[in-house]
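Everything below belongs to upload.txt, which stores compact mmCIF, C-alpha atoms.
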# COMPACT_ATOMS: atom_id res chain seq x y z
CA MET A 40 51.04 65.45 135.42
CA PRO A 41 50.63 68.50 133.14
CA GLN A 42 49.03 67.77 129.82
CA PRO A 43 50.74 68.64 126.50
CA THR A 44 49.16 71.46 124.53
CA PRO A 45 47.20 70.22 121.50
CA ALA A 46 48.62 71.11 118.10
CA PHE A 47 46.54 72.40 115.23
CA ASP A 48 45.63 70.03 112.41
CA MET A 49 46.62 71.77 109.19
CA HIS A 50 46.83 68.59 107.06
CA ARG A 51 50.22 67.78 108.53
CA ILE A 52 49.89 68.26 112.31
CA ALA A 53 48.18 65.78 114.60
CA PRO A 54 46.72 66.90 117.93
CA ALA A 55 48.33 65.75 121.14
CA PRO A 56 45.76 65.40 123.91
CA HIS A 57 46.99 64.03 127.24
CA GLY A 58 49.24 61.85 128.11
CA LEU A 59 65.54 35.22 107.52
CA PRO A 60 64.31 32.34 107.94
CA THR A 61 61.06 32.95 106.12
CA ARG A 62 59.62 36.42 106.22
CA ARG A 63 56.77 35.15 108.43
CA GLN A 64 59.30 33.80 110.92
CA ALA A 65 61.16 37.10 110.86
CA LEU A 66 57.96 38.91 111.85
CA ALA A 67 56.40 36.51 114.34
CA THR A 68 58.48 33.90 116.12
CA GLY A 69 59.16 32.94 119.70
CA ALA A 70 62.33 35.03 119.48
CA ALA A 71 60.24 38.02 118.49
CA ALA A 72 58.01 37.51 121.49
CA LEU A 73 61.05 37.42 123.79
CA ALA A 74 62.40 40.54 122.14
CA ALA A 75 59.11 42.30 122.77
CA ALA A 76 59.42 41.67 126.48
CA ALA A 77 62.96 43.06 126.46
CA TRP A 78 61.70 46.37 125.09
CA GLY A 79 59.10 46.85 127.79
CA LEU A 80 58.66 50.35 129.18
CA PRO A 81 55.71 51.98 130.94
CA ARG A 82 52.47 51.77 128.99
CA VAL A 83 52.61 55.49 128.15
CA ALA A 84 56.09 56.56 127.05
CA ARG A 85 57.71 59.64 128.53
CA ALA A 86 57.63 62.83 126.49
CA GLN A 87 60.65 63.44 124.26
CA GLY A 88 63.00 66.20 125.42
CA ASP A 89 61.09 69.34 126.33
CA GLY A 90 57.85 68.27 124.67
CA LYS A 91 58.74 69.49 121.19
CA PRO A 92 56.80 67.84 118.32
CA LEU A 93 57.96 64.56 116.86
CA ARG A 94 58.64 65.16 113.16
CA VAL A 95 57.52 62.23 111.03
CA ILE A 96 58.87 62.24 107.46
CA LEU A 97 56.96 60.27 104.85
CA PRO A 98 59.06 59.72 101.70
CA LEU A 99 55.79 59.12 99.87
CA SER A 100 53.05 61.35 98.51
CA ALA A 101 49.95 62.42 100.40
CA GLY A 102 47.19 59.87 99.88
CA SER A 103 49.53 56.88 99.66
CA GLY A 104 48.90 53.82 101.83
CA ALA A 105 51.63 54.70 104.33
CA ASP A 106 50.42 58.31 104.47
CA GLY A 107 46.85 57.26 105.22
CA ALA A 108 47.97 54.77 107.85
CA ILE A 109 50.19 57.10 109.84
CA ARG A 110 47.63 59.92 109.74
CA ALA A 111 44.96 57.49 110.95
CA ILE A 112 46.94 56.68 114.09
CA SER A 113 48.67 60.04 114.64
CA THR A 114 46.29 61.28 117.35
CA SER A 115 46.72 58.06 119.34
CA LEU A 116 50.49 58.16 118.83
CA ALA A 117 50.56 61.73 120.12
CA LYS A 118 48.70 60.59 123.25
CA ALA A 119 51.05 57.65 123.76
CA LEU A 120 54.24 59.68 123.36
CA GLY A 121 52.91 62.77 125.13
CA GLN A 122 53.99 65.10 122.32
CA PRO A 123 52.51 66.56 119.13
CA ILE A 124 53.13 64.74 115.84
CA VAL A 125 54.11 66.77 112.75
CA ILE A 126 53.76 64.79 109.51
CA GLU A 127 55.74 65.92 106.48
CA ASN A 128 55.45 64.39 103.00
CA LEU A 129 58.72 64.45 101.04
CA PRO A 130 58.07 62.25 97.98
CA GLY A 131 60.37 61.80 95.02
CA ALA A 132 62.68 59.29 93.33
CA GLY A 133 60.85 56.26 94.67
CA GLY A 134 61.20 57.44 98.26
CA ILE A 135 64.90 58.32 98.07
CA THR A 136 64.35 62.08 98.47
CA GLY A 137 62.53 61.82 101.79
CA THR A 138 64.63 58.96 103.12
CA THR A 139 67.77 61.03 102.58
CA GLN A 140 66.33 63.55 105.05
CA ILE A 141 65.49 60.77 107.52
CA VAL A 142 69.02 59.33 107.59
CA ARG A 143 70.54 62.83 107.95
CA ALA A 144 68.21 63.86 110.79
CA PRO A 145 69.40 64.28 114.42
CA LYS A 146 69.96 60.97 116.18
CA ASP A 147 67.98 61.97 119.25
CA GLY A 148 64.46 60.67 118.57
CA SER A 149 63.14 64.04 117.41
CA VAL A 150 62.77 62.91 113.79
CA ILE A 151 61.59 59.58 112.43
CA GLY A 152 60.29 58.36 109.09
CA VAL A 153 57.79 55.81 107.84
CA VAL A 154 59.01 53.68 104.93
CA SER A 155 57.52 50.83 102.92
CA ASN A 156 58.71 47.94 100.74
CA ASN A 157 60.42 50.27 98.28
CA HIS A 158 63.00 51.12 100.92
CA VAL A 159 64.56 47.66 100.54
CA VAL A 160 63.84 47.46 96.80
CA ASN A 161 65.53 50.73 95.78
CA PRO A 162 69.17 49.61 96.29
CA SER A 163 68.63 46.95 93.63
CA VAL A 164 66.72 49.23 91.25
CA TYR A 165 68.54 52.58 91.37
CA LYS A 166 72.22 52.92 90.48
CA ASN A 167 73.03 55.76 92.87
CA ILE A 168 71.49 56.19 96.33
CA PRO A 169 73.07 58.66 98.79
CA PHE A 170 72.69 56.34 101.78
CA ASP A 171 72.84 52.70 102.81
CA SER A 172 69.27 51.43 103.15
CA LEU A 173 70.23 49.06 105.96
CA ALA A 174 73.23 50.59 107.73
CA ASP A 175 71.92 54.16 107.83
CA ILE A 176 68.58 53.51 109.56
CA THR A 177 67.31 52.14 112.85
CA PRO A 178 64.07 50.15 112.34
CA ILE A 179 61.60 50.89 115.13
CA THR A 180 58.93 48.35 114.21
CA ILE A 181 57.11 46.77 111.29
CA LEU A 182 53.82 48.49 112.04
CA GLY A 183 51.51 46.59 109.71
CA ALA A 184 51.08 44.95 106.33
CA THR A 185 48.37 44.94 103.71
CA PRO A 186 47.69 42.09 101.26
CA PHE A 187 47.75 42.26 97.49
CA VAL A 188 45.69 40.33 94.96
CA LEU A 189 46.35 39.30 91.37
CA VAL A 190 43.37 40.54 89.37
CA ALA A 191 42.21 40.26 85.78
CA HIS A 192 39.71 42.17 83.68
CA PRO A 193 36.60 39.96 83.25
CA ALA A 194 37.35 39.68 79.51
CA VAL A 195 40.41 37.55 80.29
CA PRO A 196 39.28 33.89 79.94
CA ALA A 197 40.94 32.66 83.12
CA LYS A 198 39.30 32.23 86.52
CA THR A 199 42.21 30.79 88.48
CA VAL A 200 45.98 31.14 88.60
CA GLN A 201 46.35 27.74 86.97
CA GLU A 202 44.06 28.74 84.12
CA LEU A 203 45.97 32.00 83.67
CA ILE A 204 49.28 30.15 83.49
CA ALA A 205 47.88 27.77 80.88
CA LEU A 206 46.45 30.67 78.87
CA ALA A 207 49.69 32.67 78.98
CA LYS A 208 51.76 29.67 77.91
CA SER A 209 49.42 29.03 74.99
CA LYS A 210 49.75 32.67 73.85
CA PRO A 211 53.27 33.86 74.72
CA GLY A 212 53.73 37.61 74.50
CA VAL A 213 50.01 38.31 74.01
CA LEU A 214 48.87 39.07 77.58
CA ASN A 215 49.93 42.17 79.50
CA TYR A 216 50.00 43.33 83.11
CA GLY A 217 50.08 46.84 84.51
CA SER A 218 51.85 48.20 87.57
CA SER A 219 51.97 51.42 89.57
CA GLY A 220 55.41 52.15 88.12
CA ASN A 221 58.65 50.54 87.09
CA GLY A 222 60.39 49.05 90.12
CA THR A 223 57.47 49.54 92.51
CA ILE A 224 56.33 46.73 94.76
CA LEU A 225 53.25 46.14 92.58
CA HIS A 226 55.54 45.74 89.57
CA LEU A 227 57.75 43.31 91.45
CA GLY A 228 54.74 41.38 92.74
CA ALA A 229 53.59 40.70 89.18
CA ALA A 230 57.15 40.18 87.92
CA MET A 231 57.74 37.60 90.65
CA PHE A 232 54.62 35.73 89.52
CA VAL A 233 55.68 35.86 85.86
CA ASP A 234 59.18 34.65 86.74
CA GLN A 235 58.09 31.79 88.98
CA ALA A 236 55.47 30.60 86.47
CA LYS A 237 57.96 31.02 83.56
CA LEU A 238 55.59 33.16 81.49
CA ASP A 239 56.00 35.69 78.67
CA ILE A 240 53.70 38.60 79.65
CA LYS A 241 54.30 42.24 78.74
CA HIS A 242 54.70 44.85 81.49
CA ILE A 243 52.94 48.24 81.17
CA PRO A 244 54.02 50.72 83.88
CA TYR A 245 51.66 53.45 85.10
CA ARG A 246 52.24 56.47 87.29
CA GLY A 247 50.53 55.36 90.45
CA MET A 248 47.86 53.00 91.72
CA GLY A 249 44.92 55.17 90.60
CA PRO A 250 45.70 55.19 86.87
CA LEU A 251 46.56 51.48 87.00
CA MET A 252 43.24 50.57 88.63
CA ASN A 253 41.29 52.73 86.18
CA ASP A 254 42.81 51.01 83.16
CA ILE A 255 42.36 47.49 84.51
CA LEU A 256 38.71 48.31 85.17
CA GLY A 257 38.44 49.77 81.67
CA GLY A 258 40.11 46.80 80.01
CA GLN A 259 43.05 48.81 78.64
CA VAL A 260 45.32 46.47 80.58
CA GLN A 261 44.46 42.85 81.34
CA LEU A 262 46.19 41.93 84.59
CA GLY A 263 47.76 43.49 87.65
CA VAL A 264 48.76 42.97 91.26
CA VAL A 265 46.88 45.55 93.37
CA ALA A 266 46.09 46.20 97.02
CA VAL A 267 43.13 44.23 98.34
CA ALA A 268 41.48 47.18 100.14
CA PRO A 269 40.72 49.35 97.06
CA ALA A 270 40.08 46.31 94.83
CA ALA A 271 37.66 44.37 97.04
CA ALA A 272 34.51 46.33 96.12
CA HIS A 273 35.27 46.01 92.39
CA ILE A 274 35.86 42.29 92.80
CA LYS A 275 32.58 41.80 94.62
CA ALA A 276 30.77 43.82 91.95
CA GLY A 277 32.24 41.66 89.18
CA ALA A 278 34.21 44.51 87.61
CA LEU A 279 37.46 42.71 88.42
CA ARG A 280 38.21 39.01 88.75
CA ALA A 281 40.43 37.95 91.65
CA LEU A 282 42.74 35.10 90.66
CA GLY A 283 44.81 34.76 93.80
CA VAL A 284 45.97 36.66 96.87
CA THR A 285 49.68 37.23 97.33
CA THR A 286 49.93 36.46 101.04
CA ALA A 287 50.89 33.15 102.67
CA THR A 288 47.35 32.63 103.95
CA ARG A 289 43.92 33.61 102.65
CA VAL A 290 42.58 37.10 103.32
CA ALA A 291 39.47 37.84 105.41
CA ALA A 292 38.26 40.48 102.93
CA LEU A 293 38.32 37.89 100.10
CA PRO A 294 37.72 34.58 101.89
CA GLY A 295 36.86 32.65 98.72
CA VAL A 296 40.03 33.62 96.87
CA PRO A 297 42.89 31.11 97.23
CA THR A 298 46.50 32.18 97.59
CA ILE A 299 48.83 32.17 94.61
CA ALA A 300 51.07 29.79 96.54
CA GLU A 301 48.37 27.15 96.95
CA GLN A 302 47.61 27.30 93.23
CA GLY A 303 50.89 25.86 92.07
CA LEU A 304 53.53 28.46 93.03
CA PRO A 305 54.69 27.38 96.52
CA GLY A 306 56.80 30.01 98.24
CA TYR A 307 55.15 32.95 96.50
CA GLU A 308 54.47 35.54 99.20
CA LEU A 309 54.18 39.31 99.20
CA ASP A 310 52.44 42.07 101.12
CA GLY A 311 52.76 45.82 101.44
CA TRP A 312 54.34 46.62 104.79
CA ILE A 313 55.01 49.95 106.50
CA ALA A 314 57.71 50.57 109.07
CA PRO A 315 58.66 53.55 111.26
CA VAL A 316 62.44 54.08 111.22
CA ALA A 317 64.95 56.48 112.73
CA PRO A 318 68.47 57.47 111.72
CA ALA A 319 71.26 55.02 112.53
CA GLY A 320 72.88 55.57 115.91
CA LEU A 321 69.64 56.27 117.77
CA PRO A 322 70.24 55.70 121.50
CA LYS A 323 68.68 52.50 122.78
CA ALA A 324 66.55 54.39 125.31
CA GLU A 325 65.02 56.49 122.51
CA LEU A 326 64.46 53.41 120.37
CA ALA A 327 62.63 51.75 123.24
CA ARG A 328 60.60 54.91 123.90
CA LEU A 329 59.47 55.16 120.29
CA TYR A 330 58.70 51.47 119.92
CA ASN A 331 56.67 51.47 123.12
CA GLY A 332 54.90 54.62 121.94
CA PHE A 333 53.69 52.83 118.80
CA LYS A 334 52.82 49.79 120.90
CA ALA A 335 50.76 51.87 123.33
CA ALA A 336 49.06 53.71 120.48
CA MET A 337 48.01 50.45 118.83
CA GLU A 338 46.45 49.30 122.09
CA MET A 339 43.99 52.19 121.70
CA PRO A 340 40.85 50.95 119.88
CA GLU A 341 40.56 54.06 117.74
CA ALA A 342 44.04 53.58 116.26
CA ARG A 343 43.79 49.83 115.91
CA ASP A 344 40.37 50.03 114.26
CA ALA A 345 41.51 52.80 111.91
CA LEU A 346 44.48 50.79 110.69
CA ILE A 347 42.42 47.63 110.23
CA ALA A 348 39.78 49.64 108.33
CA GLN A 349 42.50 50.62 105.86
CA GLY A 350 43.22 46.96 105.17
CA TYR A 351 46.27 46.51 107.39
CA GLU A 352 47.13 43.53 109.55
CA ILE A 353 48.85 44.91 112.65
CA LYS A 354 52.35 43.50 113.22
CA LEU A 355 54.17 45.65 115.84
CA THR A 356 57.40 43.72 115.37
CA PRO A 357 59.99 44.68 118.04
CA PRO A 358 63.12 46.56 116.86
CA GLU A 359 65.62 43.68 116.63
CA PRO A 360 63.34 41.31 114.66
CA ALA A 361 62.31 44.31 112.53
CA ALA A 362 65.96 44.92 111.63
CA ALA A 363 66.34 41.23 110.74
CA PHE A 364 63.24 41.48 108.56
CA PHE A 365 64.70 44.48 106.70
CA ARG A 366 67.85 42.47 105.94
CA SER A 367 65.98 39.39 104.75
CA GLU A 368 63.57 41.40 102.58
CA ALA A 369 66.45 43.36 101.01
CA ALA A 370 68.12 40.10 99.98
CA ARG A 371 64.86 38.60 98.72
CA MET A 372 63.89 41.67 96.69
CA ALA A 373 67.38 41.89 95.19
CA GLN A 374 66.84 38.45 93.70
CA VAL A 375 63.37 39.40 92.42
CA VAL A 376 64.77 42.56 90.79
CA LYS A 377 67.59 40.57 89.20
CA ASN A 378 65.21 37.96 87.82
CA ALA A 379 62.89 40.68 86.45
CA ASN A 380 65.87 42.65 85.04
CA VAL A 381 64.55 45.94 86.48
CA LYS A 382 66.85 48.96 86.37
CA ILE A 383 66.23 52.70 86.72
CA ASP A 384 69.01 55.19 85.93
This entry written out as structure tokens:
Amino acid sequence: MPQPTPAFDMHRIAPAPHGLPTRRQALATGAAALAAAAWGLPRVARAQGDGKPLRVILPLSAGSGADGAIRAISTSLAKALGQPIVIENLPGAGGITGTTQIVRAPKDGSVIGVVSNNHVVNPSVYKNIPFDSLADITPITILGATPFVLVAHPAVPAKTVQELIALAKSKPGVLNYGSSGNGTILHLGAAMFVDQAKLDIKHIPYRGMGPLMNDILGGQVQLGVVAVAPAAAHIKAGALRALGVTTATRVAALPGVPTIAEQGLPGYELDGWIAPVAPAGLPKAELARLYNGFKAAMEMPEARDALIAQGYEIKLTPPEPAAAFFRSEAARMAQVVKNANVKID
């Protein structure tokens, strides 16, 4: 078999060498396992069309979690699909700008996108979106998810979630929490905690994860829900105090930190997931080809290790359960947004 010609890596091109029920149930059930078998194709998927590059649109900025993840596996994905991968960042309006281009792309498997939690949050936050977040896409897979952790500056006199709840109730309106922006998943993660614990804590939005982390470390803001991967070193150094992880089970990177759910808020669960999607109407054969391409790529140690190193748990949910997960998360986040009274014009 002839080998595809490698593409040049100019920040956005990856080389191509040769060839709900609960959200947990939506991602990993017996039904999902059966669905996986139904999508089986050869280990290495056939090349798309005449070997033209696969355009991957990221509706997020360069350096974001989804951006880092897809770039980390792009070489392996190119091998698995037998075609070059061209990555294009189209950030703006909480992901709406880039996603508009995804849903309007050709329905032939030549263009896909990689979205995150905000894709299912935006319909409840923004008044006008030029597409239907569920009807206008074809989920390919839930590729992976990264845990979050509720952290406090060491000056906050609370070492557990229960102590924080008691402190906040004794001083209503005094404590504050920061987020990476109004309506972002980190905002909703904290807002969900505040709502479930029935607390009065002020929200301070920042423009991104970096400024938020800097101000929590500096004590300008007291609390925040942040990604475990960038926070772990600060927690171990004592610069941040971890109060509870947001996932349903404890996290390997912070084995001594209990979940928020086990500390008195049963049902609290949140992580930051990323999902490759295509426009609605993608032929089933192309959907299977793309899903099996991601599956084959994640069987390559270099891709799997790279994603794990970035703090992701690999999911590889098959297309049908992935679509069900999108629907369940959209409904769940709509309720969180309503409870937190979040709106962006």
Kindly indicate which residue among A:Pro250, A:Pro193, A:Pro318, A:Gly217 lies nearest to Gly152 of chain A, using all atoms listed in the file for the distances.
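Among the listed residues, A:Pro318 lies closest to Gly152 of chain A.
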Considering all atoms listed in the file, return as a list in words whatever protein or nucleic-acid residues lie within 7 Å of Val159 of chain A, sequence-local ones (same chain, fewer than 6 positions apart) excluded.
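Listed by chain and then number, they are Ser172, Phe365, Glu368 and Ala369 of chain A.
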Which residue is closest to Val142 of chain A? Choose from A:Pro186, A:Asn253, A:Gly107, A:Leu321 and count all atoms listed in the file.
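Nearest to Val142 of chain A: A:Leu321.
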So, with all atoms listed in the file as the atoms that count, which of A:Val290, A:Ile135, A:Val267, A:Asp147 lies closest to Asn167 of chain A?
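Using all atoms listed in the file, Asn167 of chain A sits closest to A:Ile135.
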Could you state the separation of atom CA of Gly183 of chain A and atom CA of Met337 of chain A in Å, given to one decimal place?
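Spanning atom CA of Gly183 of chain A to atom CA of Met337 of chain A is a straight-line distance of 10.5 Å.
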Show me as a ChimeraX atom specification the residues that reach within 7 Å of (46.4, 36.5, 93.3), counting only C-alpha atoms and using the file's own coordinates.
/A:188-190,281-285,298-299
Please list as number ranges by chain every residue within 10 Å of Tyr165 of chain A, counting all atoms listed in the file and excluding residues in the same chain fewer than 5 positions away.
A: 132-133, 135, 160, 222, 381-384
Pick from A:Ala108, A:Ala184, A:Val150, A:Val200, whichever lies nearest to Ala266 of chain A using all atoms listed in the file
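Using all atoms listed in the file, the shortest distance to Ala266 of chain A belongs to A:Ala184.
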My list of candidates is A:Gln259, A:Gln140, A:Ser115, A:Ser103. Which is closest to Met339 of chain A when distances are computed with all atoms listed in the file?
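Ranking A:Gln259, A:Gln140, A:Ser115, A:Ser103 by distance to Met339 of chain A, first place goes to A:Ser115.
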Record the distance separating atom CA of Glu127 of chain A and atom CA of Pro98 of chain A, expressed in Å with one decimal.
8.5 Å
Kindly indicate which residue among A:Phe333, A:Tyr351, A:Phe187, A:Tyr216 lies nearest to Ile112 of chain A, using only C-alpha atoms for the distances.
A:Phe333
What is the distance between atom CA of Ala342 of chain A and atom CA of Thr356 of chain A, in Å to one decimal?
16.6 Å
Selection near Gly277 of chain A, 12 Å with all atoms listed in the file, sequence-local residues under 5 positions removed, as a ChimeraX atom specification:
/A:190-194,256,270-272
Close residues, Val153 of chain A itself excluded, 12 Å, all atoms listed in the file, min 4 positions apart in chain, as a PyMOL selection string:
chain A and resi 94-100+103-110+126-130+134+137-138+140-142+157-158+176-183+312-318
Generate a file of the selected residues that holds C-alpha atoms, formatted as an mmCIF file, in the coordinates of the input.
data_model
loop_
_atom_site.group_PDB
_atom_site.id
_atom_site.type_symbol
_atom_site.label_atom_id
_atom_site.label_comp_id
_atom_site.auth_asym_id
_atom_site.auth_seq_id
_atom_site.Cartn_x
_atom_site.Cartn_y
_atom_site.Cartn_z
ATOM 1 C CA ARG A 94 58.640 65.160 113.160
ATOM 2 C CA VAL A 95 57.520 62.230 111.030
ATOM 3 C CA ILE A 96 58.870 62.240 107.460
ATOM 4 C CA LEU A 97 56.960 60.270 104.850
ATOM 5 C CA PRO A 98 59.060 59.720 101.700
ATOM 6 C CA LEU A 99 55.790 59.120 99.870
ATOM 7 C CA SER A 100 53.050 61.350 98.510
ATOM 8 C CA SER A 103 49.530 56.880 99.660
ATOM 9 C CA GLY A 104 48.900 53.820 101.830
ATOM 10 C CA ALA A 105 51.630 54.700 104.330
ATOM 11 C CA ASP A 106 50.420 58.310 104.470
ATOM 12 C CA GLY A 107 46.850 57.260 105.220
ATOM 13 C CA ALA A 108 47.970 54.770 107.850
ATOM 14 C CA ILE A 109 50.190 57.100 109.840
ATOM 15 C CA ARG A 110 47.630 59.920 109.740
ATOM 16 C CA ILE A 126 53.760 64.790 109.510
ATOM 17 C CA GLU A 127 55.740 65.920 106.480
ATOM 18 C CA ASN A 128 55.450 64.390 103.000
ATOM 19 C CA LEU A 129 58.720 64.450 101.040
ATOM 20 C CA PRO A 130 58.070 62.250 97.980
ATOM 21 C CA GLY A 134 61.200 57.440 98.260
ATOM 22 C CA GLY A 137 62.530 61.820 101.790
ATOM 23 C CA THR A 138 64.630 58.960 103.120
ATOM 24 C CA GLN A 140 66.330 63.550 105.050
ATOM 25 C CA ILE A 141 65.490 60.770 107.520
ATOM 26 C CA VAL A 142 69.020 59.330 107.590
ATOM 27 C CA ASN A 157 60.420 50.270 98.280
ATOM 28 C CA HIS A 158 63.000 51.120 100.920
ATOM 29 C CA ILE A 176 68.580 53.510 109.560
ATOM 30 C CA THR A 177 67.310 52.140 112.850
ATOM 31 C CA PRO A 178 64.070 50.150 112.340
ATOM 32 C CA ILE A 179 61.600 50.890 115.130
ATOM 33 C CA THR A 180 58.930 48.350 114.210
ATOM 34 C CA ILE A 181 57.110 46.770 111.290
ATOM 35 C CA LEU A 182 53.820 48.490 112.040
ATOM 36 C CA GLY A 183 51.510 46.590 109.710
ATOM 37 C CA TRP A 312 54.340 46.620 104.790
ATOM 38 C CA ILE A 313 55.010 49.950 106.500
ATOM 39 C CA ALA A 314 57.710 50.570 109.070
ATOM 40 C CA PRO A 315 58.660 53.550 111.260
ATOM 41 C CA VAL A 316 62.440 54.080 111.220
ATOM 42 C CA ALA A 317 64.950 56.480 112.730
ATOM 43 C CA PRO A 318 68.470 57.470 111.720
#
